[in-house]
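Here's the structure, in structure tokens; my notes come after.
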Amino acid sequence: MATTDSVFQRTLSNMLTEIFDGPPGQEAYLLNPGDPGLLRQLDTIEASAASKRRMPGRTTIAAHIDHVHFGLSILNRWAAGEPNPWAGADWNASWQRTTVTEDQWRTLRNGLRHEAEKWRKVVATRTNWDDMSAAAALSTAAHTGYHFGAIRQILSGLNG
């Protein structure tokens, strides 16, 4: 593995850990030290809150998580060798799950956790990065970070 590739791989792996699990120790680039990260944050949210709209016409936390889960599952299919999992992907459908029961919420969180772990393993073990794979990998950090921020905004509106 080229030095540049190993630095990219290590840095991106750390960023994904920070987003999903919170910053390791005092090393924080996206979140504040001590932040729980997305997955532990979601575990503190009940299905009823995940299903509430902060404002009429706006989406819910459940919809954000279903969308992120869908995106990661597509990337994992691509990483497993599927040539074009984006063909026919219905991104609008990934926003349709706006309400969840407690069982559905637990299943959705577990599905996200599973896809996130699979993707992190892909990033941690990839030894050669080309433009497409690097862009796909970087987009997961940016995309998930965006939705994490949106979820925090919804939570502040629900609690405030």
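Residues are referred to by chain and number: the chain letter is A, B, ... according to the order shown in the structure tokens, the number counts from 1 in that chain, and ligands are numbered separately from 1 in the order shown.
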### Task
Can you pull out every residue within 10 Å of segment 139-148 of chain A, counting only C-alpha atoms, but drop anything in the same chain fewer than 5 positions away, and send it as a VMD selection string?
chain A and resid 12 to 13 15 to 20 30 to 31 37 to 39 41 to 42 61 64 to 65 67 to 69 71 to 72 75 116 119 133 to 134 153 to 154
Within 12 Å of Gln9 of chain A, counting only C-alpha atoms, which residues qualify if same-chain residues fewer than 4 places away don't, as a short mmCIF file (atom, residue, chain, number, x, y, z; two decimals) with N, CA, C and O atoms, in the first residue's frame?
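Output file part.cif is given in full below:
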data_model
loop_
_atom_site.label_atom_id
_atom_site.label_comp_id
_atom_site.auth_asym_id
_atom_site.auth_seq_id
_atom_site.Cartn_x
_atom_site.Cartn_y
_atom_site.Cartn_z
N MET A 1 0.86 -1.18 0.00
CA MET A 1 0.00 0.00 0.00
C MET A 1 0.90 1.23 0.00
O MET A 1 1.82 1.33 0.79
N ALA A 2 0.60 2.15 -0.88
CA ALA A 2 1.36 3.40 -0.93
C ALA A 2 1.14 4.19 0.35
O ALA A 2 0.09 4.08 0.99
N THR A 3 2.12 4.99 0.72
CA THR A 3 2.02 5.79 1.94
C THR A 3 0.79 6.67 1.92
O THR A 3 0.07 6.77 2.91
N THR A 4 0.52 7.29 0.78
CA THR A 4 -0.66 8.16 0.66
C THR A 4 -1.93 7.36 0.91
O THR A 4 -2.83 7.82 1.62
N ASP A 5 -2.01 6.16 0.34
CA ASP A 5 -3.18 5.32 0.56
C ASP A 5 -3.34 4.95 2.02
O ASP A 5 -4.44 4.94 2.55
N SER A 13 -10.80 5.95 8.31
CA SER A 13 -11.27 5.00 9.33
C SER A 13 -11.53 5.71 10.65
O SER A 13 -12.55 5.46 11.32
N ASN A 14 -10.62 6.60 11.03
CA ASN A 14 -10.80 7.37 12.27
C ASN A 14 -12.03 8.27 12.19
O ASN A 14 -12.78 8.40 13.16
N MET A 15 -12.25 8.90 11.03
CA MET A 15 -13.42 9.76 10.88
C MET A 15 -14.71 8.97 10.99
O MET A 15 -15.67 9.41 11.63
N LEU A 16 -14.75 7.79 10.36
CA LEU A 16 -15.96 6.98 10.44
C LEU A 16 -16.20 6.49 11.86
O LEU A 16 -17.35 6.47 12.33
N ARG A 120 -17.10 0.12 7.41
CA ARG A 120 -15.84 0.43 8.10
C ARG A 120 -14.80 -0.65 7.85
O ARG A 120 -13.61 -0.35 7.73
N LYS A 121 -15.22 -1.91 7.77
CA LYS A 121 -14.29 -2.99 7.46
C LYS A 121 -13.75 -2.85 6.03
O LYS A 121 -12.58 -3.11 5.78
N VAL A 122 -14.61 -2.45 5.11
CA VAL A 122 -14.16 -2.21 3.73
C VAL A 122 -13.07 -1.15 3.73
O VAL A 122 -12.01 -1.33 3.14
N VAL A 123 -13.34 -0.04 4.40
CA VAL A 123 -12.38 1.06 4.44
C VAL A 123 -11.09 0.62 5.14
O VAL A 123 -9.99 0.92 4.67
N ALA A 124 -11.21 -0.12 6.22
CA ALA A 124 -10.04 -0.52 7.00
C ALA A 124 -9.16 -1.54 6.28
O ALA A 124 -7.97 -1.63 6.57
N THR A 125 -9.73 -2.28 5.35
CA THR A 125 -8.96 -3.34 4.69
C THR A 125 -8.59 -3.02 3.25
O THR A 125 -7.78 -3.74 2.66
N ARG A 126 -9.14 -1.98 2.69
CA ARG A 126 -8.82 -1.63 1.30
C ARG A 126 -7.37 -1.16 1.21
O ARG A 126 -6.94 -0.33 2.00
N THR A 127 -6.64 -1.68 0.26
CA THR A 127 -5.23 -1.32 0.14
C THR A 127 -4.94 -0.45 -1.08
O THR A 127 -3.83 0.05 -1.21
N ASN A 128 -5.92 -0.28 -1.95
CA ASN A 128 -5.70 0.52 -3.15
C ASN A 128 -6.89 1.44 -3.36
O ASN A 128 -8.02 0.98 -3.49
N TRP A 129 -6.63 2.72 -3.41
CA TRP A 129 -7.70 3.71 -3.56
C TRP A 129 -7.57 4.38 -4.92
O TRP A 129 -6.54 4.94 -5.25
N ASP A 130 -8.65 4.33 -5.69
CA ASP A 130 -8.71 5.09 -6.93
C ASP A 130 -9.70 6.24 -6.71
O ASP A 130 -10.25 6.40 -5.61
N SER A 133 -13.32 4.98 -5.57
CA SER A 133 -13.41 4.41 -4.23
C SER A 133 -13.14 5.48 -3.17
O SER A 133 -13.80 5.50 -2.12
N ALA A 134 -12.20 6.38 -3.43
CA ALA A 134 -11.92 7.45 -2.46
C ALA A 134 -13.11 8.39 -2.34
O ALA A 134 -13.49 8.77 -1.23
N ALA A 137 -15.90 6.64 -0.43
CA ALA A 137 -15.58 6.54 0.99
C ALA A 137 -15.71 7.89 1.68
O ALA A 137 -16.29 7.99 2.77
N LEU A 138 -15.17 8.93 1.07
CA LEU A 138 -15.29 10.27 1.67
C LEU A 138 -16.74 10.72 1.76
O LEU A 138 -17.14 11.37 2.72
#
### Message
According to DSSP computed on the backbone, where in chain A is there helix (DSSP H, G or I)? Give the residues as a ChimeraX atom specification.
### Response
/A:3-21,37-43,47-50,61-79,93-95,102-125,131-159
File dump, residues just selected, C-alpha atoms, as a CSV table (one decimal), in the first residue's frame:
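Here's the written file again25.csv:
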chain,number,residue,atom,x,y,z
A,3,THR,CA,2.0,5.8,1.9
A,4,THR,CA,-0.7,8.2,0.7
A,5,ASP,CA,-3.2,5.3,0.6
A,6,SER,CA,-2.4,4.2,4.1
A,7,VAL,CA,-2.7,7.8,5.5
A,8,PHE,CA,-6.0,8.2,3.6
A,9,GLN,CA,-7.2,4.8,4.9
A,10,ARG,CA,-6.2,5.5,8.5
A,11,THR,CA,-7.7,9.0,8.5
A,12,LEU,CA,-11.0,8.0,7.0
A,13,SER,CA,-11.3,5.0,9.3
A,14,ASN,CA,-10.8,7.4,12.3
A,15,MET,CA,-13.4,9.8,10.9
A,16,LEU,CA,-16.0,7.0,10.4
A,17,THR,CA,-15.3,5.8,14.0
A,18,GLU,CA,-15.8,9.3,15.3
A,19,ILE,CA,-19.1,9.7,13.4
A,20,PHE,CA,-20.6,6.3,14.3
A,21,ASP,CA,-19.1,5.7,17.8
A,37,GLY,CA,-21.5,9.4,18.1
A,38,LEU,CA,-24.5,8.6,15.9
A,39,LEU,CA,-25.1,5.0,16.9
A,40,ARG,CA,-25.1,5.6,20.7
A,41,GLN,CA,-27.2,8.8,20.2
A,42,LEU,CA,-29.8,6.8,18.3
A,43,ASP,CA,-30.0,4.3,21.2
A,47,ALA,CA,-39.4,5.2,18.5
A,48,SER,CA,-42.1,7.8,19.3
A,49,ALA,CA,-39.5,10.6,19.2
A,50,ALA,CA,-37.9,9.1,16.0
A,61,ILE,CA,-35.3,10.9,12.5
A,62,ALA,CA,-36.6,7.5,11.4
A,63,ALA,CA,-36.6,8.7,7.8
A,64,HIS,CA,-33.0,10.1,8.1
A,65,ILE,CA,-31.8,6.8,9.5
A,66,ASP,CA,-33.6,4.7,6.8
A,67,HIS,CA,-32.0,6.9,4.2
A,68,VAL,CA,-28.5,6.6,5.6
A,69,HIS,CA,-29.0,2.8,6.0
A,70,PHE,CA,-30.0,2.6,2.4
A,71,GLY,CA,-27.0,4.5,1.2
A,72,LEU,CA,-24.6,2.4,3.2
A,73,SER,CA,-26.2,-0.8,2.0
A,74,ILE,CA,-25.7,0.3,-1.6
A,75,LEU,CA,-22.0,1.1,-1.0
A,76,ASN,CA,-21.5,-2.3,0.7
A,77,ARG,CA,-23.1,-4.0,-2.3
A,78,TRP,CA,-20.7,-2.1,-4.6
A,79,ALA,CA,-17.7,-2.9,-2.3
A,93,ALA,CA,-38.3,5.3,-1.2
A,94,SER,CA,-35.5,5.6,1.3
A,95,TRP,CA,-37.3,8.6,2.8
A,102,GLU,CA,-40.2,0.2,19.0
A,103,ASP,CA,-39.5,-3.1,17.2
A,104,GLN,CA,-39.1,-1.4,13.8
A,105,TRP,CA,-36.8,1.2,15.4
A,106,ARG,CA,-34.6,-1.4,17.0
A,107,THR,CA,-34.4,-3.3,13.7
A,108,LEU,CA,-33.6,-0.1,11.8
A,109,ARG,CA,-30.8,0.9,14.2
A,110,ASN,CA,-29.4,-2.6,14.2
A,111,GLY,CA,-29.5,-2.6,10.4
A,112,LEU,CA,-27.6,0.7,10.3
A,113,ARG,CA,-25.1,-0.6,12.8
A,114,HIS,CA,-24.5,-3.6,10.7
A,115,GLU,CA,-24.1,-1.7,7.4
A,116,ALA,CA,-21.8,0.9,9.1
A,117,GLU,CA,-19.6,-1.9,10.5
A,118,LYS,CA,-19.4,-3.6,7.1
A,119,TRP,CA,-18.4,-0.3,5.4
A,120,ARG,CA,-15.8,0.4,8.1
A,121,LYS,CA,-14.3,-3.0,7.5
A,122,VAL,CA,-14.2,-2.2,3.7
A,123,VAL,CA,-12.4,1.1,4.4
A,124,ALA,CA,-10.0,-0.5,7.0
A,125,THR,CA,-9.0,-3.3,4.7
A,131,ASP,CA,-10.8,8.2,-7.6
A,132,MET,CA,-14.1,6.3,-7.4
A,133,SER,CA,-13.4,4.4,-4.2
A,134,ALA,CA,-11.9,7.4,-2.5
A,135,ALA,CA,-14.9,9.6,-3.4
A,136,ALA,CA,-17.4,7.0,-2.3
A,137,ALA,CA,-15.6,6.5,1.0
A,138,LEU,CA,-15.3,10.3,1.7
A,139,SER,CA,-18.9,10.8,0.8
A,140,THR,CA,-20.0,8.4,3.5
A,141,ALA,CA,-18.3,10.6,6.1
A,142,ALA,CA,-19.8,13.8,4.7
A,143,HIS,CA,-23.3,12.3,4.0
A,144,THR,CA,-23.6,10.6,7.4
A,145,GLY,CA,-22.2,13.7,9.2
A,146,TYR,CA,-24.8,15.9,7.4
A,147,HIS,CA,-27.7,13.6,8.5
A,148,PHE,CA,-26.3,13.3,12.0
A,149,GLY,CA,-26.5,17.1,12.2
A,150,ALA,CA,-30.0,17.1,10.9
A,151,ILE,CA,-31.0,14.6,13.5
A,152,ARG,CA,-29.5,16.7,16.2
A,153,GLN,CA,-31.5,19.7,14.9
A,154,ILE,CA,-34.7,17.6,15.0
A,155,LEU,CA,-34.0,16.5,18.5
A,156,SER,CA,-33.4,20.1,19.7
A,157,GLY,CA,-36.7,21.1,18.2
A,158,LEU,CA,-38.5,18.1,19.9
A,159,ASN,CA,-36.9,18.8,23.3
